[in-house]
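S.K.: This is coords_26.csv (CSV, C-alpha atoms (C1' of nucleotides)).
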```csv
chain,number,residue,atom,x,y,z
A,11,MET,CA,-71.3,113.8,43.5
A,12,GLY,CA,-69.6,111.9,46.3
A,13,ASN,CA,-69.8,108.1,46.5
A,14,SER,CA,-73.0,107.2,48.2
A,15,ASP,CA,-71.1,104.7,50.4
A,16,ASP,CA,-68.2,107.0,51.3
A,17,ILE,CA,-68.3,107.1,55.0
A,18,LEU,CA,-66.8,110.6,54.9
A,19,GLY,CA,-69.0,111.9,52.0
A,20,LEU,CA,-70.5,115.2,52.9
A,21,ASP,CA,-73.9,114.2,51.6
A,22,ASN,CA,-73.9,111.0,53.6
A,23,GLN,CA,-73.6,112.8,56.9
A,24,LEU,CA,-76.6,113.2,59.1
A,25,CYS,CA,-74.8,116.1,60.8
A,26,PHE,CA,-74.6,118.1,57.6
A,27,ALA,CA,-78.2,117.5,56.8
A,28,LEU,CA,-79.1,118.8,60.2
A,29,TYR,CA,-76.7,121.7,59.9
A,30,ALA,CA,-77.9,122.8,56.4
A,31,ALA,CA,-81.6,122.2,57.1
A,32,ASN,CA,-81.4,124.2,60.3
A,33,ARG,CA,-79.8,127.2,58.6
A,34,ALA,CA,-82.3,127.0,55.7
A,35,MET,CA,-85.2,127.0,58.1
A,36,THR,CA,-83.9,130.0,60.2
A,37,ALA,CA,-83.3,131.8,56.9
A,38,ARG,CA,-87.0,131.3,56.2
A,39,TYR,CA,-87.8,132.9,59.5
A,40,ARG,CA,-85.5,135.8,59.1
A,41,PRO,CA,-87.6,138.1,56.9
A,42,LEU,CA,-90.7,137.4,59.0
A,43,LEU,CA,-88.9,138.1,62.3
A,44,MET,CA,-87.3,141.2,60.8
A,45,GLU,CA,-90.8,142.7,60.7
A,46,LEU,CA,-90.8,142.4,64.5
A,47,GLY,CA,-87.2,143.5,64.8
A,48,LEU,CA,-86.1,140.2,66.2
A,49,THR,CA,-83.4,137.7,65.6
A,50,TYR,CA,-84.2,134.0,65.7
A,51,PRO,CA,-82.7,133.3,69.1
A,52,GLN,CA,-84.4,136.4,70.5
A,53,TYR,CA,-87.7,135.0,69.1
A,54,LEU,CA,-87.1,131.8,71.0
A,55,VAL,CA,-86.4,133.6,74.2
A,56,LEU,CA,-89.7,135.5,73.8
A,57,LEU,CA,-91.6,132.3,73.1
A,58,VAL,CA,-90.5,131.1,76.6
A,59,LEU,CA,-91.3,134.4,78.2
A,60,TRP,CA,-94.7,134.5,76.6
A,61,GLU,CA,-95.5,131.0,77.9
A,62,ALA,CA,-94.3,131.9,81.3
A,63,ALA,CA,-96.4,135.1,81.4
A,64,ALA,CA,-99.5,133.1,80.4
A,65,ALA,CA,-98.8,130.6,83.2
A,66,GLY,CA,-98.0,133.2,85.7
A,67,ASP,CA,-94.5,131.9,86.1
A,68,VAL,CA,-91.3,133.8,86.8
A,69,VAL,CA,-88.3,132.8,84.7
A,70,ARG,CA,-84.7,133.1,85.7
A,71,VAL,CA,-81.7,133.2,83.4
A,72,SER,CA,-80.8,129.7,84.2
A,73,GLY,CA,-84.4,128.6,83.4
A,74,LEU,CA,-84.2,130.1,80.0
A,75,GLY,CA,-80.9,128.3,79.5
A,76,GLU,CA,-82.3,124.9,80.4
A,77,ARG,CA,-85.3,125.4,78.2
A,78,LEU,CA,-83.3,126.7,75.2
A,79,ARG,CA,-80.1,124.8,75.9
A,80,LEU,CA,-78.1,128.0,75.9
A,81,ASP,CA,-75.6,129.2,78.5
A,82,SER,CA,-75.3,132.6,80.2
A,83,GLY,CA,-72.5,133.6,77.8
A,84,THR,CA,-75.1,133.6,75.0
A,85,LEU,CA,-78.2,134.7,77.0
A,86,THR,CA,-76.7,137.6,79.0
A,87,PRO,CA,-75.9,139.9,76.1
A,88,LEU,CA,-79.0,138.8,74.2
A,89,LEU,CA,-81.2,139.7,77.2
A,90,LYS,CA,-79.4,143.0,77.5
A,91,ARG,CA,-80.2,143.9,73.9
A,92,LEU,CA,-83.9,143.0,74.5
A,93,GLU,CA,-83.9,145.1,77.7
A,94,GLU,CA,-82.3,148.1,75.9
A,95,ARG,CA,-85.2,147.9,73.5
A,96,GLY,CA,-87.7,147.8,76.3
A,97,LEU,CA,-89.1,144.3,75.4
A,98,VAL,CA,-87.8,142.7,78.6
A,99,ARG,CA,-87.0,143.5,82.2
A,100,ARG,CA,-84.2,141.9,84.1
A,101,GLN,CA,-84.3,142.1,87.9
A,102,ARG,CA,-82.0,140.6,90.5
A,103,SER,CA,-84.0,138.6,93.0
A,104,VAL,CA,-84.2,140.0,96.5
A,105,GLU,CA,-84.5,136.6,98.2
A,106,ASP,CA,-81.4,135.3,96.4
A,107,GLU,CA,-79.2,137.9,95.0
A,108,ARG,CA,-77.5,135.4,92.7
A,109,VAL,CA,-80.7,135.0,90.7
A,110,VAL,CA,-81.8,137.3,87.9
A,111,THR,CA,-85.4,137.0,86.8
A,112,VAL,CA,-86.6,138.0,83.3
A,113,VAL,CA,-90.1,139.1,82.3
A,114,ALA,CA,-91.6,140.4,79.1
A,115,THR,CA,-92.7,144.0,79.5
A,116,GLY,CA,-95.9,145.5,78.0
A,117,PRO,CA,-94.3,146.0,74.6
A,118,GLY,CA,-92.7,142.6,74.8
A,119,LEU,CA,-96.0,141.0,75.5
A,120,ALA,CA,-97.7,143.0,72.7
A,121,LEU,CA,-95.3,141.5,70.2
A,122,ARG,CA,-96.9,138.2,70.7
A,123,GLU,CA,-100.0,139.3,68.8
A,124,GLN,CA,-97.8,140.2,65.8
A,125,ALA,CA,-95.9,136.9,66.1
A,126,ARG,CA,-99.1,134.9,66.0
A,127,SER,CA,-99.1,134.8,62.2
A,128,ILE,CA,-95.6,133.6,61.9
A,129,PRO,CA,-95.9,129.8,62.2
A,130,GLY,CA,-98.7,129.7,59.7
A,131,ARG,CA,-96.9,131.9,57.2
A,132,LEU,CA,-93.8,129.9,57.6
A,133,LEU,CA,-95.6,126.7,57.0
A,134,CYS,CA,-96.9,128.0,53.7
A,135,SER,CA,-93.5,129.3,52.8
A,136,THR,CA,-91.8,125.9,53.2
A,137,GLY,CA,-94.2,124.3,50.7
A,138,VAL,CA,-93.9,121.0,52.5
A,139,ASP,CA,-96.8,118.8,53.7
A,140,PRO,CA,-97.6,119.8,57.4
A,141,ASP,CA,-98.0,116.3,58.5
A,142,ARG,CA,-94.5,115.4,57.3
A,143,LEU,CA,-93.1,118.4,59.1
A,144,MET,CA,-94.8,117.4,62.3
A,145,ALA,CA,-93.5,113.9,62.0
A,146,LEU,CA,-90.0,115.3,61.4
A,147,ARG,CA,-90.4,117.5,64.4
A,148,ASP,CA,-91.3,114.5,66.6
A,149,GLU,CA,-88.4,112.4,65.3
A,150,LEU,CA,-86.0,115.3,66.0
A,151,ARG,CA,-87.3,115.7,69.5
A,152,SER,CA,-86.9,112.0,70.0
A,153,VAL,CA,-83.3,112.0,68.8
A,154,LEU,CA,-82.6,115.1,70.9
A,155,ALA,CA,-84.0,113.4,74.0
A,156,GLN,CA,-81.8,110.4,73.3
A,157,LEU,CA,-78.7,112.6,72.8
A,158,GLU,CA,-79.4,114.4,76.0
A,159,SER,CA,-80.1,111.3,78.0
A,160,GLN,CA,-76.6,109.9,77.4
A,161,ALA,CA,-73.4,110.8,79.2
A,162,PRO,CA,-71.7,113.7,77.3
A,163,SER,CA,-68.7,111.5,76.4
A,164,ALA,CA,-70.3,108.1,76.0
A,165,ARG,CA,-68.1,106.4,73.5
I,22,MET,CA,-95.1,122.2,79.8
I,23,GLY,CA,-96.8,124.4,77.2
I,24,ASN,CA,-100.1,123.5,75.7
I,25,SER,CA,-99.6,121.0,73.0
I,26,ASP,CA,-101.9,123.0,70.7
I,27,ASP,CA,-100.4,126.4,71.4
I,28,ILE,CA,-99.3,127.6,68.0
I,29,LEU,CA,-96.5,129.6,69.6
I,30,GLY,CA,-95.5,126.9,72.1
I,31,LEU,CA,-91.7,126.4,72.0
I,32,ASP,CA,-92.0,122.7,72.0
I,33,ASN,CA,-94.5,122.7,69.1
I,34,GLN,CA,-92.0,124.5,66.8
I,35,LEU,CA,-90.2,122.4,64.2
I,36,CYS,CA,-87.7,125.2,64.0
I,37,PHE,CA,-86.7,124.7,67.6
I,38,ALA,CA,-86.5,121.0,67.3
I,39,LEU,CA,-84.1,121.5,64.4
I,40,TYR,CA,-82.2,124.2,66.2
I,41,ALA,CA,-81.7,122.2,69.4
I,42,ALA,CA,-81.0,118.9,67.6
I,43,ASN,CA,-78.4,120.5,65.4
I,44,ARG,CA,-76.6,122.0,68.4
I,45,ALA,CA,-76.8,118.7,70.4
I,46,MET,CA,-75.3,116.9,67.4
I,47,THR,CA,-72.4,119.3,66.8
I,48,ALA,CA,-71.8,119.1,70.6
I,49,ARG,CA,-71.3,115.4,70.1
I,50,TYR,CA,-68.8,116.0,67.4
I,51,ARG,CA,-66.9,118.6,69.3
I,52,PRO,CA,-64.7,116.3,71.5
I,53,LEU,CA,-63.9,114.0,68.5
I,54,LEU,CA,-63.0,116.9,66.3
I,55,MET,CA,-60.9,118.5,69.0
I,56,GLU,CA,-58.6,115.5,68.7
I,57,LEU,CA,-57.9,116.7,65.2
I,58,GLY,CA,-57.8,120.3,66.2
I,59,LEU,CA,-60.8,121.2,64.1
I,60,THR,CA,-64.1,123.0,64.6
I,61,TYR,CA,-67.2,121.6,63.1
I,62,PRO,CA,-67.4,124.0,60.1
I,63,GLN,CA,-63.7,123.4,59.4
I,64,TYR,CA,-64.4,119.7,59.4
I,65,LEU,CA,-67.1,120.2,56.8
I,66,VAL,CA,-64.7,122.2,54.6
I,67,LEU,CA,-62.2,119.5,54.8
I,68,LEU,CA,-64.8,116.8,53.8
I,69,VAL,CA,-65.4,118.8,50.6
I,70,LEU,CA,-61.6,119.2,50.0
I,71,TRP,CA,-60.9,115.5,50.6
I,72,GLU,CA,-63.7,114.6,48.1
I,73,ALA,CA,-62.3,117.0,45.6
I,74,ALA,CA,-58.7,115.7,46.0
I,75,ALA,CA,-60.0,112.1,45.4
I,76,ALA,CA,-61.8,113.2,42.3
I,77,GLY,CA,-58.9,115.3,41.0
I,78,ASP,CA,-61.1,118.4,41.1
I,79,VAL,CA,-60.1,121.9,42.0
I,80,VAL,CA,-62.4,123.8,44.3
I,81,ARG,CA,-62.8,127.5,44.4
I,82,VAL,CA,-64.2,129.5,47.4
I,83,SER,CA,-67.5,129.9,45.6
I,84,GLY,CA,-67.7,126.2,45.1
I,85,LEU,CA,-67.2,125.6,48.8
I,86,GLY,CA,-69.9,128.1,49.5
I,87,GLU,CA,-72.4,126.4,47.2
I,88,ARG,CA,-71.7,123.0,48.6
I,89,LEU,CA,-71.9,124.0,52.2
I,90,ARG,CA,-74.4,126.9,51.8
I,91,LEU,CA,-71.9,129.4,53.3
I,92,ASP,CA,-70.9,132.7,52.0
I,93,SER,CA,-67.4,134.2,51.7
I,94,GLY,CA,-67.8,136.2,54.9
I,95,THR,CA,-67.8,132.9,56.7
I,96,LEU,CA,-65.4,131.0,54.5
I,97,THR,CA,-62.6,133.5,54.0
I,98,PRO,CA,-61.5,133.8,57.7
I,99,LEU,CA,-62.1,130.1,58.2
I,100,LEU,CA,-59.9,129.2,55.3
I,101,LYS,CA,-57.2,131.6,56.4
I,102,ARG,CA,-57.1,129.9,59.8
I,103,LEU,CA,-56.8,126.5,58.1
I,104,GLU,CA,-54.0,127.9,55.9
I,105,GLU,CA,-52.1,129.3,58.8
I,106,ARG,CA,-52.1,125.8,60.3
I,107,GLY,CA,-50.8,124.4,57.0
I,108,LEU,CA,-53.8,122.2,56.3
I,109,VAL,CA,-54.9,124.1,53.2
I,110,ARG,CA,-53.4,126.2,50.5
I,111,ARG,CA,-55.2,129.1,48.9
I,112,GLN,CA,-54.1,130.3,45.5
I,113,ARG,CA,-55.3,133.0,43.2
I,114,SER,CA,-56.0,131.6,39.8
I,115,VAL,CA,-53.8,132.8,37.0
I,116,GLU,CA,-56.4,132.5,34.2
I,117,ASP,CA,-59.0,134.5,36.2
I,118,GLU,CA,-57.5,136.5,39.0
I,119,ARG,CA,-60.9,137.0,40.7
I,120,VAL,CA,-60.9,133.3,41.5
I,121,VAL,CA,-59.2,131.7,44.6
I,122,THR,CA,-58.8,128.0,44.6
I,123,VAL,CA,-58.4,125.9,47.7
I,124,VAL,CA,-56.7,122.6,48.1
I,125,ALA,CA,-55.8,120.4,51.0
I,126,THR,CA,-52.0,120.2,51.6
I,127,GLY,CA,-50.2,117.0,52.6
I,128,PRO,CA,-50.9,117.4,56.3
I,129,GLY,CA,-54.5,118.4,55.4
I,130,LEU,CA,-54.9,115.2,53.4
I,131,ALA,CA,-53.3,113.1,56.1
I,132,LEU,CA,-56.0,114.3,58.6
I,133,ARG,CA,-58.5,112.3,56.6
I,134,GLU,CA,-57.1,109.0,57.9
I,135,GLN,CA,-57.6,110.2,61.5
I,136,ALA,CA,-61.1,111.4,60.6
I,137,ARG,CA,-62.1,108.0,59.2
I,138,SER,CA,-63.2,106.7,62.6
I,139,ILE,CA,-65.3,109.7,63.5
I,140,PRO,CA,-68.6,108.8,61.8
I,141,GLY,CA,-68.6,105.4,63.4
I,142,ARG,CA,-67.7,106.6,66.8
I,143,LEU,CA,-70.3,109.3,66.6
I,144,LEU,CA,-73.0,106.8,65.6
I,145,CYS,CA,-72.2,104.7,68.8
I,146,SER,CA,-72.2,107.9,70.8
I,147,THR,CA,-75.7,108.8,69.9
I,148,GLY,CA,-77.2,105.5,71.0
I,149,VAL,CA,-79.8,105.7,68.3
I,150,ASP,CA,-80.7,103.1,65.7
I,151,PRO,CA,-78.6,103.7,62.6
I,152,ASP,CA,-81.5,103.0,60.3
I,153,ARG,CA,-83.6,105.7,62.0
I,154,LEU,CA,-80.8,108.1,61.7
I,155,MET,CA,-80.4,107.4,58.0
I,156,ALA,CA,-84.1,107.9,57.5
I,157,LEU,CA,-83.9,111.1,59.4
I,158,ARG,CA,-81.1,112.3,57.2
I,159,ASP,CA,-83.0,111.5,54.1
I,160,GLU,CA,-86.0,113.3,55.3
I,161,LEU,CA,-83.9,116.4,56.2
I,162,ARG,CA,-82.3,116.4,52.8
I,163,SER,CA,-85.7,116.2,51.2
I,164,VAL,CA,-87.0,119.2,53.3
I,165,LEU,CA,-83.8,121.1,52.6
I,166,ALA,CA,-84.2,120.5,48.8
I,167,GLN,CA,-87.8,121.7,49.1
I,168,LEU,CA,-86.8,124.8,51.0
I,169,GLU,CA,-84.1,125.6,48.5
I,170,SER,CA,-86.3,125.0,45.4
I,171,GLN,CA,-88.7,127.8,46.4
I,172,ALA,CA,-88.3,131.5,45.9
I,173,PRO,CA,-86.7,133.0,49.0
I,174,SER,CA,-89.8,135.0,49.9
I,175,ALA,CA,-92.6,132.7,48.7
I,176,ARG,CA,-95.4,133.5,51.0
X,3,DT,C1',-68.5,130.6,113.7
X,4,DG,C1',-65.4,130.5,110.1
X,5,DA,C1',-63.5,128.1,106.4
X,6,DT,C1',-65.1,125.7,102.3
X,7,DA,C1',-68.0,124.2,98.7
X,8,DA,C1',-71.7,125.0,95.7
X,9,DT,C1',-74.6,128.0,93.0
X,10,DG,C1',-76.0,131.6,89.6
X,11,DT,C1',-74.7,135.0,86.7
X,12,DA,C1',-71.4,137.9,84.2
X,13,DT,C1',-67.1,138.5,81.5
X,14,DT,C1',-63.6,137.4,78.1
X,15,DG,C1',-62.0,135.4,74.0
X,16,DT,C1',-62.5,132.6,69.8
X,17,DG,C1',-65.0,131.2,65.9
X,18,DC,C1',-68.8,130.9,63.1
X,19,DA,C1',-73.1,133.1,60.3
X,20,DC,C1',-74.8,136.6,57.6
X,21,DA,C1',-75.9,141.4,55.7
X,22,DA,C1',-74.0,145.2,53.4
X,23,DG,C1',-70.6,147.3,51.0
X,24,DA,C1',-65.8,147.6,48.9
X,25,DT,C1',-62.5,146.1,45.6
X,26,DA,C1',-60.5,144.2,41.7
X,27,DA,C1',-60.8,141.6,37.5
X,28,DT,C1',-63.5,140.1,33.5
X,29,DT,C1',-67.1,140.5,30.1
X,30,DG,C1',-69.8,142.6,26.7
X,31,DA,C1',-72.3,146.2,24.2
X,32,DG,C1',-71.5,149.8,21.2
N,27,DC,C1',-61.3,150.0,22.2
N,28,DT,C1',-63.8,151.8,26.1
N,29,DC,C1',-66.7,151.9,29.8
N,30,DA,C1',-70.6,150.1,32.2
N,31,DA,C1',-72.3,145.8,34.1
N,32,DT,C1',-71.1,141.5,36.0
N,33,DT,C1',-68.5,138.3,38.7
N,34,DA,C1',-65.6,136.5,42.6
N,35,DT,C1',-63.7,137.5,46.6
N,36,DC,C1',-62.7,140.3,50.6
N,37,DT,C1',-63.9,143.5,54.5
N,38,DT,C1',-66.6,145.3,58.2
N,39,DG,C1',-70.0,145.1,61.6
N,40,DT,C1',-73.5,142.7,64.5
N,41,DG,C1',-75.1,138.8,66.9
N,42,DC,C1',-75.0,134.4,68.3
N,43,DA,C1',-72.6,129.9,70.6
N,44,DC,C1',-69.5,128.1,73.7
N,45,DA,C1',-65.3,127.3,76.7
N,46,DA,C1',-63.0,129.2,80.4
N,47,DT,C1',-62.8,132.0,84.0
N,48,DA,C1',-64.2,135.4,87.5
N,49,DC,C1',-67.1,137.0,91.0
N,50,DA,C1',-70.6,137.4,94.4
N,51,DT,C1',-73.9,135.0,97.1
N,52,DT,C1',-75.7,131.2,99.6
N,53,DA,C1',-75.4,126.8,101.8
N,54,DT,C1',-72.7,123.3,104.4
N,55,DC,C1',-70.1,121.5,107.8
N,56,DA,C1',-66.2,120.9,111.0
```
Have the structure of the file written as structure tokens, please.
M.R.:
Amino acid sequence: MGNSDDILGLDNQLCFALYAANRAMTARYRPLLMELGLTYPQYLVLLVLWEAAAAGDVVRVSGLGERLRLDSGTLTPLLKRLEERGLVRRQRSVEDERVVTVVATGPGLALREQARSIPGRLLCSTGVDPDRLMALRDELRSVLAQLESQAPSAR
Amino acid sequence: MGNSDDILGLDNQLCFALYAANRAMTARYRPLLMELGLTYPQYLVLLVLWEAAAAGDVVRVSGLGERLRLDSGTLTPLLKRLEERGLVRRQRSVEDERVVTVVATGPGLALREQARSIPGRLLCSTGVDPDRLMALRDELRSVLAQLESQAPSAR
DNA sequence: TGATAATGTATTGTGCACAAGATAATTGAG
DNA sequence: CTCAATTATCTTGTGCACAATACATTATCA
């Protein structure tokens, strides 16, 4: 075990704790999402599209990117895969032909019902107190907001 | 903004908070690590190899995988890239030829001195109270341990 | 109006992650 | 000793992430 005061000790790094916990969490999702034929990022995209459909909003690729913090190099091929499977429709806007809007199709919207059980099942699967997880979520959001509020290269 | 009680609301998901915070954090590391010519996973591998060198231990590929929670499909090409750059040496064990050991070379060990400033600079860059970050790290480690202690498919 | 800048998306290239399967070496039961 | 099972690593294929660049469209201004 590394020294607990080693500034470069792997286990002392917040970044590694984040990195490992994130992958462990998505690994927990994987078998549940496989039932829906989705990867984890695809699931996140659908969460946004389901919310938009419920609110009657139209989402563009750039809107997905802002919400999920992903760029077009990630989203474009991901959306094409979802479109090939008929879960999503991409359409170039007629008012502004630079814009591509994305909506969930019938099958894409139907998936939401199957997805409904996922958060609950995952919560059980973790075996951690839900209140602790919610507190952790809030703290992560707070840190994320702080990270994003700063200039990218603040020293 | 999605309903705060929508069980499928993006912003209500712990998983998304983890996912976004992790990427924001590694994005903070990126410019600092670029000075050393390293990616973030390469940096993690070197953290382990530096620790091992200090302790006089020899690390095998499987040991790196256990420590970092990565499999050989990720590590093998990563280690080859580090080896091409002369930062690492891979050597098949003579006692057991299935085993490949990995050690940091002179230049690889020298990088540690340059890396020493990174945790401190990153801490400043986040603009978050260090005690809060340490508490967050400990909570993440605790959740990670809980996730890893359970059967992979515990319902 | 006609050049120029800004905007929104797509493409290309590199490097993780991870599943599945292959390969080679070692171990162990008989 | 022999061969099946195990172990450790490597390979292949798919799908993110992200930087850099390209491209078409729209907006701006001299």
S.K.: Select, as a ChimeraX atom specification, those residues of chain N with any atom no more than 8 Å from chain I (distances computed using only C-alpha atoms (C1' of nucleotides)).
M.R.: /N:33-36
S.K.: For a quick check of understanding, using only C-alpha atoms (C1' of nucleotides), which of A:Leu85, A:Leu132, A:Leu54, A:Leu18 has the smallest distance to chain X?
M.R.: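 Nearest to chain X: A:Leu85.
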S.K.: What's around Thr147 (chain I) at 12 Å? Count only C-alpha atoms (C1' of nucleotides), leave out sequence neighbours fewer than 6 positions away in its own chain, and write the answer as an MDAnalysis selection string.
M.R.: (chainID A and resid 24:25 152:165) or (chainID I and resid 42 45:50 140:141 153:154)
S.K.: Restrict the selected residues to C-alpha atoms and save them as a short mmCIF file (atom, residue, chain, number, x, y, z; two decimals), keeping the file's coordinate frame.
M.R.:
```cif
data_model
loop_
_atom_site.label_atom_id
_atom_site.label_comp_id
_atom_site.auth_asym_id
_atom_site.auth_seq_id
_atom_site.Cartn_x
_atom_site.Cartn_y
_atom_site.Cartn_z
CA LEU A 24 -76.60 113.20 59.10
CA CYS A 25 -74.80 116.10 60.80
CA SER A 152 -86.90 112.00 70.00
CA VAL A 153 -83.30 112.00 68.80
CA LEU A 154 -82.60 115.10 70.90
CA ALA A 155 -84.00 113.40 74.00
CA GLN A 156 -81.80 110.40 73.30
CA LEU A 157 -78.70 112.60 72.80
CA GLU A 158 -79.40 114.40 76.00
CA SER A 159 -80.10 111.30 78.00
CA GLN A 160 -76.60 109.90 77.40
CA ALA A 161 -73.40 110.80 79.20
CA PRO A 162 -71.70 113.70 77.30
CA SER A 163 -68.70 111.50 76.40
CA ALA A 164 -70.30 108.10 76.00
CA ARG A 165 -68.10 106.40 73.50
CA ALA I 42 -81.00 118.90 67.60
CA ALA I 45 -76.80 118.70 70.40
CA MET I 46 -75.30 116.90 67.40
CA THR I 47 -72.40 119.30 66.80
CA ALA I 48 -71.80 119.10 70.60
CA ARG I 49 -71.30 115.40 70.10
CA TYR I 50 -68.80 116.00 67.40
CA PRO I 140 -68.60 108.80 61.80
CA GLY I 141 -68.60 105.40 63.40
CA ARG I 153 -83.60 105.70 62.00
CA LEU I 154 -80.80 108.10 61.70
#
```
S.K.: Hey, can I get the axis-aligned box for region 16-23 of chain X? All listed atoms, 3 Å padding on each side, centre and edge lengths in Å to one decimal, as AutoDock Vina command-line options.
M.R.:
```
--center_x -69.2 --center_y 139.1 --center_z 60.4 --size_x 19.4 --size_y 22.4 --size_z 24.8
```
S.K.: I'd like the contact shell of DT6 (chain X) - 12 Å cut-off, only C-alpha atoms (C1' of nucleotides), skipping same-chain residues fewer than 4 positions apart - returned as a ChimeraX atom specification.
M.R.: /N:53-56
S.K.: Give me a file of those residues, with C-alpha atoms (C1' of nucleotides), as a PDB file, in the coordinates of the input.
M.R.:
```pdb
ATOM      1  C1'  DA N  53     -75.400 126.800 101.800  1.00  0.00           C
ATOM      2  C1'  DT N  54     -72.700 123.300 104.400  1.00  0.00           C
ATOM      3  C1'  DC N  55     -70.100 121.500 107.800  1.00  0.00           C
ATOM      4  C1'  DA N  56     -66.200 120.900 111.000  1.00  0.00           C
TER       5       DA N  56
END
```
S.K.: Could you work out which residues of chain X fall inside 9 Å of chain I? Count only C-alpha atoms (C1' of nucleotides), and format the result as a PDB file with C-alpha atoms (C1' of nucleotides), in the coordinates of the input.
M.R.:
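Full text of result18.pdb as output:
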```pdb
ATOM      1  C1'  DG X  17     -65.000 131.200  65.900  1.00  0.00           C
ATOM      2  C1'  DC X  18     -68.800 130.900  63.100  1.00  0.00           C
ATOM      3  C1'  DA X  19     -73.100 133.100  60.300  1.00  0.00           C
ATOM      4  C1'  DC X  20     -74.800 136.600  57.600  1.00  0.00           C
ATOM      5  C1'  DA X  26     -60.500 144.200  41.700  1.00  0.00           C
ATOM      6  C1'  DA X  27     -60.800 141.600  37.500  1.00  0.00           C
ATOM      7  C1'  DT X  28     -63.500 140.100  33.500  1.00  0.00           C
TER       8       DT X  28
END
```
S.K.: Between I:Leu157, I:Leu31, I:Ala131, I:Val115, which has the minimum distance to Leu59 (chain A) (counting only C-alpha atoms)?
M.R.: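 Among the listed residues, the smallest separation from Leu59 (chain A) belongs to I:Leu31.
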S.K.: Take CA of Gly19 (chain A) and CA of Gly77 (chain I) and report the distance between them in Å, one decimal.
M.R.: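 The value is 15.3 Å.
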S.K.: I'd like the interatomic distance between CA of Arg162 (chain I) and CA of Leu67 (chain I), to a tenth of an Å.
M.R.: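 Interatomic distance, CA of Arg162 (chain I) to CA of Leu67 (chain I): 20.4 Å.
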S.K.: I'd like to know which of A:Leu43, A:Val58, A:Gly75, A:Leu97 is closest to chain I, using all atoms listed in the file.
M.R.: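 Ranked by minimum distance to chain I, first place goes to A:Val58.
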S.K.: Using Å and a single decimal, report how far CA of Leu78 (chain A) sits from CA of Leu39 (chain I).
M.R.: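 Going from CA of Leu39 (chain I) over to CA of Leu78 (chain A), I get 12.0 Å.
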S.K.: Of the candidates I:Leu161, I:Leu130, I:Ala125, I:Leu59, which shows the shortest atom-to-atom distance to chain A, using only C-alpha atoms?
M.R.: I:Leu161
S.K.: For each of A:Leu46, A:Cys134, A:Leu92, A:Leu74, take the minimum atom-to-atom distance to chain I, counting only C-alpha atoms, then give the residue where this is smallest.
M.R.: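 Smallest distance to chain I is found for A:Cys134.
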S.K.: Out of A:Val113, A:Ala125, A:Met44, A:Val69, which residue has the shortest atom-to-atom distance to chain I when counting only C-alpha atoms?
M.R.: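 Nearest candidate to chain I out of A:Val113, A:Ala125, A:Met44, A:Val69: A:Ala125.
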S.K.: At a cut-off of 10 Å, using only C-alpha atoms (C1' of nucleotides), what residues contact Arg99 (chain A)? Leave out same-chain residues fewer than 3 positions from it and give the result as a PDB file with C-alpha atoms, keeping the file's coordinate frame.
M.R.:
```pdb
ATOM      1  CA  LEU A  89     -81.200 139.700  77.200  1.00  0.00           C
ATOM      2  CA  LYS A  90     -79.400 143.000  77.500  1.00  0.00           C
ATOM      3  CA  LEU A  92     -83.900 143.000  74.500  1.00  0.00           C
ATOM      4  CA  GLU A  93     -83.900 145.100  77.700  1.00  0.00           C
ATOM      5  CA  GLU A  94     -82.300 148.100  75.900  1.00  0.00           C
ATOM      6  CA  ARG A  95     -85.200 147.900  73.500  1.00  0.00           C
ATOM      7  CA  GLY A  96     -87.700 147.800  76.300  1.00  0.00           C
ATOM      8  CA  VAL A 110     -81.800 137.300  87.900  1.00  0.00           C
ATOM      9  CA  THR A 111     -85.400 137.000  86.800  1.00  0.00           C
ATOM     10  CA  VAL A 112     -86.600 138.000  83.300  1.00  0.00           C
ATOM     11  CA  VAL A 113     -90.100 139.100  82.300  1.00  0.00           C
ATOM     12  CA  ALA A 114     -91.600 140.400  79.100  1.00  0.00           C
ATOM     13  CA  THR A 115     -92.700 144.000  79.500  1.00  0.00           C
ATOM     14  CA  GLY A 118     -92.700 142.600  74.800  1.00  0.00           C
TER      15      GLY A 118
END
```
